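Asks: Structure file final-v5.tsv (TSV, C-alpha atoms) right here:
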chain	number	residue	atom	x	y	z
A	12	MET	CA	-21.43	-105.04	-58.35
A	13	GLN	CA	-23.99	-104.31	-61.05
A	14	ALA	CA	-24.10	-100.96	-62.88
A	15	PRO	CA	-27.39	-100.55	-64.79
A	16	ALA	CA	-27.14	-97.95	-67.54
A	17	ALA	CA	-30.60	-96.53	-66.79
A	18	ALA	CA	-29.72	-95.97	-63.13
A	19	GLU	CA	-26.53	-94.19	-64.16
A	20	ARG	CA	-28.52	-91.89	-66.46
A	21	ASN	CA	-31.37	-91.03	-64.13
A	22	LYS	CA	-29.56	-90.73	-60.78
A	23	GLY	CA	-28.91	-87.00	-61.27
A	24	PRO	CA	-32.47	-85.95	-62.17
A	25	ILE	CA	-33.94	-88.11	-59.39
A	26	LEU	CA	-31.53	-86.67	-56.82
A	27	ALA	CA	-32.53	-83.14	-57.83
A	28	VAL	CA	-36.12	-83.91	-56.80
A	29	LEU	CA	-35.15	-85.92	-53.72
A	30	ARG	CA	-33.12	-82.99	-52.38
A	31	GLU	CA	-36.37	-81.06	-51.94
A	32	TYR	CA	-37.61	-83.73	-49.52
A	33	ALA	CA	-34.40	-85.09	-48.01
A	34	GLY	CA	-32.06	-82.12	-48.32
A	35	ARG	CA	-30.81	-80.11	-45.37
A	36	GLY	CA	-33.70	-78.32	-43.77
A	37	ALA	CA	-36.23	-80.92	-44.93
A	38	GLY	CA	-36.45	-82.44	-41.47
A	39	ALA	CA	-37.02	-80.91	-38.08
A	40	GLY	CA	-34.17	-80.99	-35.61
A	41	PRO	CA	-30.61	-82.30	-35.72
A	42	ASP	CA	-31.45	-86.01	-36.01
A	43	PRO	CA	-30.73	-87.68	-39.37
A	44	LEU	CA	-33.64	-88.29	-41.71
A	45	ARG	CA	-34.61	-91.95	-41.81
A	46	VAL	CA	-35.01	-93.28	-45.35
A	47	LEU	CA	-36.08	-96.74	-46.51
A	48	GLU	CA	-35.60	-97.62	-50.18
A	49	VAL	CA	-37.58	-100.65	-51.33
A	50	GLY	CA	-36.51	-102.52	-54.45
A	51	ALA	CA	-33.09	-100.89	-54.39
A	52	GLY	CA	-31.81	-103.22	-57.13
A	53	ALA	CA	-28.11	-102.98	-57.85
A	54	GLY	CA	-27.54	-100.30	-55.19
A	55	LEU	CA	-26.14	-97.58	-57.44
A	56	HIS	CA	-29.00	-95.23	-56.54
A	57	ALA	CA	-28.75	-95.96	-52.82
A	58	ALA	CA	-25.02	-95.26	-52.71
A	59	HIS	CA	-25.30	-92.13	-54.87
A	60	PHE	CA	-28.21	-90.65	-52.91
A	61	ALA	CA	-26.82	-91.51	-49.47
A	62	ARG	CA	-23.47	-89.91	-50.32
A	63	ALA	CA	-25.17	-86.78	-51.68
A	64	LEU	CA	-27.49	-86.58	-48.64
A	65	PRO	CA	-25.12	-87.23	-45.72
A	66	HIS	CA	-27.66	-86.24	-43.04
A	67	THR	CA	-29.89	-89.21	-43.99
A	68	ARG	CA	-29.73	-92.78	-42.69
A	69	TRP	CA	-30.35	-94.62	-45.93
A	70	GLN	CA	-31.68	-98.17	-45.57
A	71	PRO	CA	-31.65	-100.05	-48.90
A	72	SER	CA	-33.63	-103.25	-49.36
A	73	ASP	CA	-34.54	-105.77	-52.03
A	74	ILE	CA	-36.20	-109.16	-52.42
A	75	ASP	CA	-33.39	-110.56	-54.63
A	76	PRO	CA	-30.30	-111.94	-52.84
A	77	ARG	CA	-28.16	-111.03	-55.87
A	78	ALA	CA	-29.27	-107.41	-55.51
A	79	LEU	CA	-28.41	-107.46	-51.81
A	80	ARG	CA	-24.87	-108.56	-52.64
A	81	SER	CA	-24.52	-105.79	-55.25
A	82	ILE	CA	-25.86	-103.17	-52.80
A	83	ALA	CA	-23.36	-104.27	-50.15
A	84	ALA	CA	-20.55	-104.06	-52.71
A	85	TYR	CA	-21.54	-100.50	-53.65
A	86	ALA	CA	-21.62	-99.45	-49.99
A	87	GLU	CA	-18.14	-100.86	-49.45
A	88	ALA	CA	-16.65	-99.54	-52.70
A	89	MET	CA	-18.02	-96.02	-52.31
A	90	ARG	CA	-17.46	-95.88	-48.53
A	91	VAL	CA	-20.80	-94.32	-47.67
A	92	PRO	CA	-21.02	-94.29	-43.85
A	93	ASN	CA	-24.71	-93.32	-43.69
A	94	MET	CA	-25.80	-96.17	-45.99
A	95	LEU	CA	-26.93	-99.10	-43.84
A	96	PRO	CA	-26.39	-102.76	-44.74
A	97	PRO	CA	-29.15	-103.93	-47.11
A	98	ILE	CA	-32.07	-105.94	-45.78
A	99	LEU	CA	-34.21	-108.60	-47.46
A	100	LEU	CA	-37.68	-107.12	-47.92
A	101	ASP	CA	-40.74	-108.39	-49.79
A	102	VAL	CA	-42.92	-105.33	-50.26
A	103	SER	CA	-45.98	-107.48	-50.92
A	104	GLN	CA	-45.82	-108.71	-47.32
A	105	SER	CA	-47.04	-106.87	-44.23
A	106	TRP	CA	-44.91	-104.06	-42.78
A	107	GLU	CA	-44.19	-106.21	-39.71
A	108	THR	CA	-41.76	-108.19	-41.91
A	109	TRP	CA	-39.90	-105.09	-43.12
A	110	GLY	CA	-36.70	-105.55	-41.15
A	111	GLY	CA	-38.01	-104.27	-37.83
A	112	THR	CA	-38.99	-100.82	-39.11
A	113	GLN	CA	-41.32	-99.30	-36.53
A	114	PRO	CA	-44.59	-97.41	-37.17
A	115	ALA	CA	-44.26	-93.66	-37.73
A	116	SER	CA	-40.45	-93.89	-37.80
A	117	LEU	CA	-39.61	-93.03	-41.43
A	118	ASP	CA	-39.20	-89.57	-42.93
A	119	LEU	CA	-38.98	-90.86	-46.50
A	120	LEU	CA	-39.89	-94.09	-48.29
A	121	VAL	CA	-38.40	-94.45	-51.78
A	122	SER	CA	-39.45	-96.76	-54.62
A	123	ILE	CA	-37.78	-96.38	-58.02
A	124	ASN	CA	-38.83	-98.32	-61.13
A	125	MET	CA	-40.56	-101.04	-59.14
A	126	MET	CA	-44.32	-100.81	-59.71
A	127	HIS	CA	-44.43	-101.63	-63.42
A	128	ILE	CA	-42.27	-104.77	-63.09
A	129	ALA	CA	-44.04	-106.21	-60.07
A	130	GLU	CA	-47.49	-107.60	-59.39
A	131	LEU	CA	-50.16	-105.19	-58.20
A	132	GLN	CA	-49.98	-106.62	-54.67
A	133	CYS	CA	-46.49	-105.13	-54.42
A	134	THR	CA	-47.84	-101.65	-55.17
A	135	GLU	CA	-50.65	-102.21	-52.68
A	136	GLY	CA	-48.15	-103.40	-50.08
A	137	LEU	CA	-45.96	-100.36	-50.68
A	138	PHE	CA	-48.82	-97.96	-49.94
A	139	LYS	CA	-50.02	-99.95	-46.93
A	140	GLY	CA	-46.50	-99.99	-45.51
A	141	ALA	CA	-46.02	-96.28	-46.17
A	142	GLY	CA	-49.28	-95.48	-44.43
A	143	VAL	CA	-48.04	-97.18	-41.26
A	144	LEU	CA	-44.30	-96.50	-41.28
A	145	LEU	CA	-44.09	-92.85	-42.37
A	146	LYS	CA	-44.16	-90.14	-39.76
A	147	PRO	CA	-46.95	-87.56	-40.07
A	148	GLY	CA	-45.79	-85.27	-42.87
A	149	GLY	CA	-43.45	-87.95	-44.22
A	150	VAL	CA	-43.13	-88.63	-47.94
A	151	LEU	CA	-43.51	-91.66	-50.19
A	152	PHE	CA	-41.41	-90.92	-53.29
A	153	THR	CA	-41.96	-93.08	-56.37
A	154	TYR	CA	-40.35	-92.85	-59.80
A	155	GLY	CA	-41.04	-94.54	-63.11
A	156	PRO	CA	-43.39	-94.55	-66.11
A	157	TYR	CA	-47.10	-94.19	-65.31
A	158	ALA	CA	-50.49	-94.00	-66.95
A	159	VAL	CA	-52.17	-90.72	-66.03
A	160	ASP	CA	-55.93	-90.93	-65.48
A	161	GLY	CA	-56.33	-93.77	-67.96
A	162	ARG	CA	-53.97	-92.44	-70.62
A	163	ILE	CA	-50.47	-93.62	-71.49
A	164	SER	CA	-48.22	-91.34	-73.54
A	165	PRO	CA	-46.12	-91.05	-75.62
A	166	GLN	CA	-46.23	-94.07	-77.95
A	167	SER	CA	-42.94	-95.38	-76.59
A	168	ASN	CA	-44.59	-95.81	-73.18
A	169	VAL	CA	-47.60	-97.52	-74.81
A	170	ASP	CA	-45.21	-99.95	-76.50
A	171	PHE	CA	-43.31	-100.47	-73.25
A	172	ASP	CA	-46.53	-101.25	-71.38
A	173	CYS	CA	-47.53	-103.79	-74.05
A	174	SER	CA	-44.12	-105.48	-73.89
A	175	LEU	CA	-44.32	-105.70	-70.10
A	176	ARG	CA	-47.78	-107.30	-70.19
A	177	GLN	CA	-46.60	-109.79	-72.82
A	178	SER	CA	-43.74	-110.78	-70.51
A	179	ASN	CA	-46.04	-111.02	-67.49
A	180	PRO	CA	-49.77	-110.15	-67.57
A	181	ALA	CA	-49.52	-108.95	-63.95
A	182	TRP	CA	-46.97	-106.27	-64.91
A	183	GLY	CA	-47.56	-102.93	-66.63
A	184	LEU	CA	-47.68	-99.18	-66.04
A	185	ARG	CA	-49.76	-98.27	-62.98
A	186	ASP	CA	-52.34	-95.51	-63.28
A	187	THR	CA	-52.03	-92.40	-61.15
A	188	ALA	CA	-55.79	-92.57	-60.48
A	189	LEU	CA	-55.30	-95.96	-58.80
A	190	LEU	CA	-52.30	-94.67	-56.88
A	191	ARG	CA	-54.32	-91.72	-55.60
A	192	GLN	CA	-56.94	-94.15	-54.32
A	193	LEU	CA	-54.32	-96.31	-52.61
A	194	ALA	CA	-52.74	-93.22	-51.07
A	195	GLU	CA	-56.04	-91.91	-49.71
A	196	ALA	CA	-56.93	-95.35	-48.32
A	197	ASN	CA	-53.68	-95.27	-46.34
A	198	GLY	CA	-53.72	-91.74	-44.97
A	199	MET	CA	-51.75	-90.02	-47.74
A	200	HIS	CA	-52.40	-87.76	-50.71
A	201	LEU	CA	-50.67	-87.16	-54.03
A	202	GLU	CA	-49.01	-83.82	-53.42
A	203	ARG	CA	-47.00	-83.41	-56.60
A	204	MET	CA	-46.23	-85.03	-59.95
A	205	VAL	CA	-42.92	-84.08	-61.60
A	206	ASP	CA	-42.17	-84.72	-65.26
A	207	MET	CA	-38.77	-86.40	-65.63
A	208	PRO	CA	-36.49	-87.30	-68.57
A	209	ALA	CA	-37.31	-90.29	-70.80
A	210	ASN	CA	-41.08	-89.95	-70.20
A	211	ASN	CA	-40.90	-90.88	-66.53
A	212	LYS	CA	-42.42	-89.10	-63.54
A	213	SER	CA	-41.61	-88.57	-59.88
A	214	LEU	CA	-44.67	-88.83	-57.65
A	215	ILE	CA	-44.73	-87.28	-54.17
A	216	PHE	CA	-47.25	-88.71	-51.71
A	217	ARG	CA	-47.50	-86.95	-48.34
A	218	LYS	CA	-48.58	-88.68	-45.13
A	219	GLN	CA	-51.28	-86.72	-43.37
Transcribe the structure of this file into structure tokens.

Replies:
Amino acid sequence: MQAPAAAERNKGPILAVLREYAGRGAGAGPDPLRVLEVGAGAGLHAAHFARALPHTRWQPSDIDPRALRSIAAYAEAMRVPNMLPPILLDVSQSWETWGGTQPASLDLLVSINMMHIAELQCTEGLFKGAGVLLKPGGVLFTYGPYAVDGRISPQSNVDFDCSLRQSNPAWGLRDTALLRQLAEANGMHLERMVDMPANNKSLIFRKQ
């Protein structure tokens, strides 16, 4: 069971924003809100959020088998009944391979700290999947460091972007202008951008 320090630090601020979209009253009717988290990593976030939002059905996923084992260990250790067993999911692949998730069935799709350490096709796949799988009015929630309309700030984020691209030229901070385009191409719009600690942002994309 992995315990990343960054996830431990940012789980509280992220949850504060998530509550606005997955808190009680966010959905219509008594049915639980259906949430899919892609790139759930160690599972600390999934377990923390699912426990704090008991009226959700939280489906964690990842492409790494080691992450899937860590997620399952968190679910067992923290005894979170509304956290479903993790599924293997490659976000770069078509939504039909996403564990049987049906079109227009999700209230919330969550992606935390994935885009900048994955190839662009993963970001494109995320938006394509969200466009199909979210219900009308549903939300794609993403979190991480971003370039904003061609500009990266502060210098620490510039340095981070350079280090990522040196590790893998296909990695790097994604620009919000590109994400707006991807959202609009898939029936969504960027509704809100929230400044977060450590020069990160939460982005809220709403399905039309």

Asks: Would you kindly return, as a ChimeraX atom specification, each protein, DNA or RNA residue with an atom no farther than 10 Å from any atom of A:Pro165, considering only C-alpha atoms and excluding same-chain residues fewer than 4 positions away?

Replies: /A:169-170,210

Asks: Any idea what's packed within 12 Å of stretch 87-98 of chain A, counting all atoms listed in the file, ignoring anything in its chain fewer than 3 positions away? Could you give it as a PDB file with C-alpha atoms, keeping the file's coordinate frame?

Replies:
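Final output, selection_32.pdb:
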ATOM      1  CA  MET A  12     -21.430-105.040 -58.350  1.00  0.00           C
ATOM      2  CA  PRO A  43     -30.730 -87.680 -39.370  1.00  0.00           C
ATOM      3  CA  LEU A  44     -33.640 -88.290 -41.710  1.00  0.00           C
ATOM      4  CA  ARG A  45     -34.610 -91.950 -41.810  1.00  0.00           C
ATOM      5  CA  VAL A  46     -35.010 -93.280 -45.350  1.00  0.00           C
ATOM      6  CA  LEU A  47     -36.080 -96.740 -46.510  1.00  0.00           C
ATOM      7  CA  GLU A  48     -35.600 -97.620 -50.180  1.00  0.00           C
ATOM      8  CA  VAL A  49     -37.580-100.650 -51.330  1.00  0.00           C
ATOM      9  CA  GLY A  50     -36.510-102.520 -54.450  1.00  0.00           C
ATOM     10  CA  ALA A  51     -33.090-100.890 -54.390  1.00  0.00           C
ATOM     11  CA  GLY A  52     -31.810-103.220 -57.130  1.00  0.00           C
ATOM     12  CA  ALA A  53     -28.110-102.980 -57.850  1.00  0.00           C
ATOM     13  CA  GLY A  54     -27.540-100.300 -55.190  1.00  0.00           C
ATOM     14  CA  LEU A  55     -26.140 -97.580 -57.440  1.00  0.00           C
ATOM     15  CA  HIS A  56     -29.000 -95.230 -56.540  1.00  0.00           C
ATOM     16  CA  ALA A  57     -28.750 -95.960 -52.820  1.00  0.00           C
ATOM     17  CA  ALA A  58     -25.020 -95.260 -52.710  1.00  0.00           C
ATOM     18  CA  HIS A  59     -25.300 -92.130 -54.870  1.00  0.00           C
ATOM     19  CA  PHE A  60     -28.210 -90.650 -52.910  1.00  0.00           C
ATOM     20  CA  ALA A  61     -26.820 -91.510 -49.470  1.00  0.00           C
ATOM     21  CA  ARG A  62     -23.470 -89.910 -50.320  1.00  0.00           C
ATOM     22  CA  ALA A  63     -25.170 -86.780 -51.680  1.00  0.00           C
ATOM     23  CA  LEU A  64     -27.490 -86.580 -48.640  1.00  0.00           C
ATOM     24  CA  PRO A  65     -25.120 -87.230 -45.720  1.00  0.00           C
ATOM     25  CA  HIS A  66     -27.660 -86.240 -43.040  1.00  0.00           C
ATOM     26  CA  THR A  67     -29.890 -89.210 -43.990  1.00  0.00           C
ATOM     27  CA  ARG A  68     -29.730 -92.780 -42.690  1.00  0.00           C
ATOM     28  CA  TRP A  69     -30.350 -94.620 -45.930  1.00  0.00           C
ATOM     29  CA  GLN A  70     -31.680 -98.170 -45.570  1.00  0.00           C
ATOM     30  CA  PRO A  71     -31.650-100.050 -48.900  1.00  0.00           C
ATOM     31  CA  SER A  72     -33.630-103.250 -49.360  1.00  0.00           C
ATOM     32  CA  ASP A  73     -34.540-105.770 -52.030  1.00  0.00           C
ATOM     33  CA  ILE A  74     -36.200-109.160 -52.420  1.00  0.00           C
ATOM     34  CA  ASP A  75     -33.390-110.560 -54.630  1.00  0.00           C
ATOM     35  CA  PRO A  76     -30.300-111.940 -52.840  1.00  0.00           C
ATOM     36  CA  ARG A  77     -28.160-111.030 -55.870  1.00  0.00           C
ATOM     37  CA  ALA A  78     -29.270-107.410 -55.510  1.00  0.00           C
ATOM     38  CA  LEU A  79     -28.410-107.460 -51.810  1.00  0.00           C
ATOM     39  CA  ARG A  80     -24.870-108.560 -52.640  1.00  0.00           C
ATOM     40  CA  SER A  81     -24.520-105.790 -55.250  1.00  0.00           C
ATOM     41  CA  ILE A  82     -25.860-103.170 -52.800  1.00  0.00           C
ATOM     42  CA  ALA A  83     -23.360-104.270 -50.150  1.00  0.00           C
ATOM     43  CA  ALA A  84     -20.550-104.060 -52.710  1.00  0.00           C
ATOM     44  CA  ASP A 101     -40.740-108.390 -49.790  1.00  0.00           C
ATOM     45  CA  VAL A 102     -42.920-105.330 -50.260  1.00  0.00           C
ATOM     46  CA  THR A 108     -41.760-108.190 -41.910  1.00  0.00           C
ATOM     47  CA  TRP A 109     -39.900-105.090 -43.120  1.00  0.00           C
ATOM     48  CA  GLY A 110     -36.700-105.550 -41.150  1.00  0.00           C
ATOM     49  CA  GLY A 111     -38.010-104.270 -37.830  1.00  0.00           C
ATOM     50  CA  THR A 112     -38.990-100.820 -39.110  1.00  0.00           C
TER      51      THR A 112
END

Asks: Would you mind reading off the distance between atom CA of A:Asp160 and atom CA of A:Ile25, one decimal, in Å?

Replies: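 Going from atom CA of A:Asp160 over to atom CA of A:Ile25 covers 23.0 Å.
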
Asks: Using all atoms listed in the file, which residue out of A:Ser105, A:Asn21, A:Gln177, A:Thr187 lies closest to A:Leu214?

Replies: A:Thr187

Asks: Between A:Leu100, A:Met207, A:Leu151, A:Ala194, which is the closest to A:Leu117 once you count all atoms listed in the file?

Replies: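 Selected residue with least distance to A:Leu117: A:Leu151.
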
Asks: How many Å separate atom CA of A:Cys133 from atom CA of A:Pro24?

Replies: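 That distance, rounded to one decimal, is 25.0 Å.
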
Asks: Using all atoms listed in the file, find all polymer residues with an atom at most 12 Å away from the point (-46.1, -95.7, -40.4); report them as a PyMOL selection string.

Replies: chain A and resi 47+105-107+109+112-120+137-151+197-199+217-219

Asks: Could those residues be written to a file, using C-alpha atoms, as a PDB file, keeping the file's coordinate frame?

Replies:
ATOM      1  CA  LEU A  47     -36.080 -96.740 -46.510  1.00  0.00           C
ATOM      2  CA  SER A 105     -47.040-106.870 -44.230  1.00  0.00           C
ATOM      3  CA  TRP A 106     -44.910-104.060 -42.780  1.00  0.00           C
ATOM      4  CA  GLU A 107     -44.190-106.210 -39.710  1.00  0.00           C
ATOM      5  CA  TRP A 109     -39.900-105.090 -43.120  1.00  0.00           C
ATOM      6  CA  THR A 112     -38.990-100.820 -39.110  1.00  0.00           C
ATOM      7  CA  GLN A 113     -41.320 -99.300 -36.530  1.00  0.00           C
ATOM      8  CA  PRO A 114     -44.590 -97.410 -37.170  1.00  0.00           C
ATOM      9  CA  ALA A 115     -44.260 -93.660 -37.730  1.00  0.00           C
ATOM     10  CA  SER A 116     -40.450 -93.890 -37.800  1.00  0.00           C
ATOM     11  CA  LEU A 117     -39.610 -93.030 -41.430  1.00  0.00           C
ATOM     12  CA  ASP A 118     -39.200 -89.570 -42.930  1.00  0.00           C
ATOM     13  CA  LEU A 119     -38.980 -90.860 -46.500  1.00  0.00           C
ATOM     14  CA  LEU A 120     -39.890 -94.090 -48.290  1.00  0.00           C
ATOM     15  CA  LEU A 137     -45.960-100.360 -50.680  1.00  0.00           C
ATOM     16  CA  PHE A 138     -48.820 -97.960 -49.940  1.00  0.00           C
ATOM     17  CA  LYS A 139     -50.020 -99.950 -46.930  1.00  0.00           C
ATOM     18  CA  GLY A 140     -46.500 -99.990 -45.510  1.00  0.00           C
ATOM     19  CA  ALA A 141     -46.020 -96.280 -46.170  1.00  0.00           C
ATOM     20  CA  GLY A 142     -49.280 -95.480 -44.430  1.00  0.00           C
ATOM     21  CA  VAL A 143     -48.040 -97.180 -41.260  1.00  0.00           C
ATOM     22  CA  LEU A 144     -44.300 -96.500 -41.280  1.00  0.00           C
ATOM     23  CA  LEU A 145     -44.090 -92.850 -42.370  1.00  0.00           C
ATOM     24  CA  LYS A 146     -44.160 -90.140 -39.760  1.00  0.00           C
ATOM     25  CA  PRO A 147     -46.950 -87.560 -40.070  1.00  0.00           C
ATOM     26  CA  GLY A 148     -45.790 -85.270 -42.870  1.00  0.00           C
ATOM     27  CA  GLY A 149     -43.450 -87.950 -44.220  1.00  0.00           C
ATOM     28  CA  VAL A 150     -43.130 -88.630 -47.940  1.00  0.00           C
ATOM     29  CA  LEU A 151     -43.510 -91.660 -50.190  1.00  0.00           C
ATOM     30  CA  ASN A 197     -53.680 -95.270 -46.340  1.00  0.00           C
ATOM     31  CA  GLY A 198     -53.720 -91.740 -44.970  1.00  0.00           C
ATOM     32  CA  MET A 199     -51.750 -90.020 -47.740  1.00  0.00           C
ATOM     33  CA  ARG A 217     -47.500 -86.950 -48.340  1.00  0.00           C
ATOM     34  CA  LYS A 218     -48.580 -88.680 -45.130  1.00  0.00           C
ATOM     35  CA  GLN A 219     -51.280 -86.720 -43.370  1.00  0.00           C
TER      36      GLN A 219
END

Asks: Could you tell me how far atom CA of A:Ala27 lies from atom CA of A:Val205, in Å and to one decimal?

Replies: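 Those two atoms sit 11.1 Å apart.
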
Asks: Which residue, A:Arg203, A:Arg176, A:Arg191, A:Arg185, has the smallest gap to A:Tyr32 when you use only C-alpha atoms?

Replies: A:Arg203

Asks: For a quick check of understanding, using all atoms listed in the file, which of A:Met125, A:Gly23, A:Thr134, A:Asn168 has the smallest distance to A:Asn211?

Replies: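 Closest residue, counting all atoms listed in the file: A:Asn168.
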
Asks: Restricting the calculation to all atoms listed in the file: of A:Val159, A:His127, A:Pro41, A:Glu202, which residue gets closest to A:Cys173?

Replies: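 Once distances to A:Cys173 are computed over all atoms listed in the file, the minimum belongs to A:His127.
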
Asks: At the level of N, CA, C and O atoms, write stretch 91-111 of chain A to a file as a short mmCIF file (atom, residue, chain, number, x, y, z; two decimals), in the first residue's frame, please.

Replies:
data_model
loop_
_atom_site.label_atom_id
_atom_site.label_comp_id
_atom_site.auth_asym_id
_atom_site.auth_seq_id
_atom_site.Cartn_x
_atom_site.Cartn_y
_atom_site.Cartn_z
N VAL A 91 -13.95 1.05 3.09
CA VAL A 91 -14.81 2.04 2.43
C VAL A 91 -15.81 1.28 1.56
O VAL A 91 -15.49 0.83 0.47
N PRO A 92 -17.06 1.13 2.03
CA PRO A 92 -18.00 0.26 1.32
C PRO A 92 -18.43 0.78 -0.05
O PRO A 92 -18.84 -0.01 -0.91
N ASN A 93 -18.37 2.09 -0.26
CA ASN A 93 -18.81 2.66 -1.54
C ASN A 93 -17.66 2.83 -2.54
O ASN A 93 -17.84 3.43 -3.60
N MET A 94 -16.48 2.29 -2.21
CA MET A 94 -15.34 2.30 -3.12
C MET A 94 -15.29 0.93 -3.81
O MET A 94 -15.08 -0.09 -3.15
N LEU A 95 -15.47 0.91 -5.11
CA LEU A 95 -15.54 -0.33 -5.87
C LEU A 95 -14.15 -0.90 -6.12
O LEU A 95 -13.15 -0.16 -6.07
N PRO A 96 -14.04 -2.19 -6.39
CA PRO A 96 -12.73 -2.77 -6.72
C PRO A 96 -12.13 -2.07 -7.93
O PRO A 96 -12.86 -1.74 -8.89
N PRO A 97 -10.83 -1.83 -7.93
CA PRO A 97 -10.21 -1.09 -9.04
C PRO A 97 -10.25 -1.88 -10.34
O PRO A 97 -10.24 -3.11 -10.33
N ILE A 98 -10.31 -1.14 -11.45
CA ILE A 98 -10.30 -1.77 -12.76
C ILE A 98 -9.08 -1.30 -13.55
O ILE A 98 -8.60 -0.17 -13.38
N LEU A 99 -8.59 -2.15 -14.43
CA LEU A 99 -7.50 -1.81 -15.33
C LEU A 99 -8.07 -0.94 -16.45
O LEU A 99 -9.02 -1.34 -17.12
N LEU A 100 -7.51 0.25 -16.64
CA LEU A 100 -8.05 1.17 -17.63
C LEU A 100 -6.92 1.96 -18.27
O LEU A 100 -6.12 2.60 -17.58
N ASP A 101 -6.84 1.90 -19.59
CA ASP A 101 -5.89 2.68 -20.38
C ASP A 101 -6.67 3.83 -21.00
O ASP A 101 -7.44 3.64 -21.94
N VAL A 102 -6.47 5.02 -20.48
CA VAL A 102 -7.29 6.17 -20.88
C VAL A 102 -7.03 6.57 -22.33
O VAL A 102 -7.84 7.28 -22.93
N SER A 103 -5.93 6.11 -22.90
CA SER A 103 -5.65 6.43 -24.30
C SER A 103 -6.49 5.60 -25.26
O SER A 103 -6.56 5.90 -26.45
N GLN A 104 -7.12 4.55 -24.74
CA GLN A 104 -7.94 3.68 -25.56
C GLN A 104 -9.41 4.13 -25.54
O GLN A 104 -9.83 4.88 -24.67
N SER A 105 -10.18 3.63 -26.48
CA SER A 105 -11.57 4.04 -26.62
C SER A 105 -12.39 3.69 -25.37
O SER A 105 -12.11 2.71 -24.67
N TRP A 106 -13.43 4.48 -25.12
CA TRP A 106 -14.27 4.30 -23.93
C TRP A 106 -14.88 2.90 -23.85
O TRP A 106 -15.21 2.44 -22.76
N GLU A 107 -15.02 2.22 -24.98
CA GLU A 107 -15.60 0.87 -24.95
C GLU A 107 -14.76 -0.10 -24.13
O GLU A 107 -15.26 -1.14 -23.69
N THR A 108 -13.48 0.24 -23.90
CA THR A 108 -12.59 -0.63 -23.12
C THR A 108 -12.53 -0.23 -21.65
O THR A 108 -11.76 -0.82 -20.89
N TRP A 109 -13.34 0.74 -21.25
CA TRP A 109 -13.24 1.30 -19.90
C TRP A 109 -14.09 0.52 -18.90
O TRP A 109 -14.94 1.07 -18.20
N GLY A 110 -13.89 -0.76 -18.82
CA GLY A 110 -14.51 -1.57 -17.78
C GLY A 110 -16.01 -1.69 -17.87
O GLY A 110 -16.68 -1.92 -16.85
N GLY A 111 -16.58 -1.53 -19.05
CA GLY A 111 -18.02 -1.67 -19.20
C GLY A 111 -18.84 -0.45 -18.84
O GLY A 111 -20.07 -0.52 -18.78
#
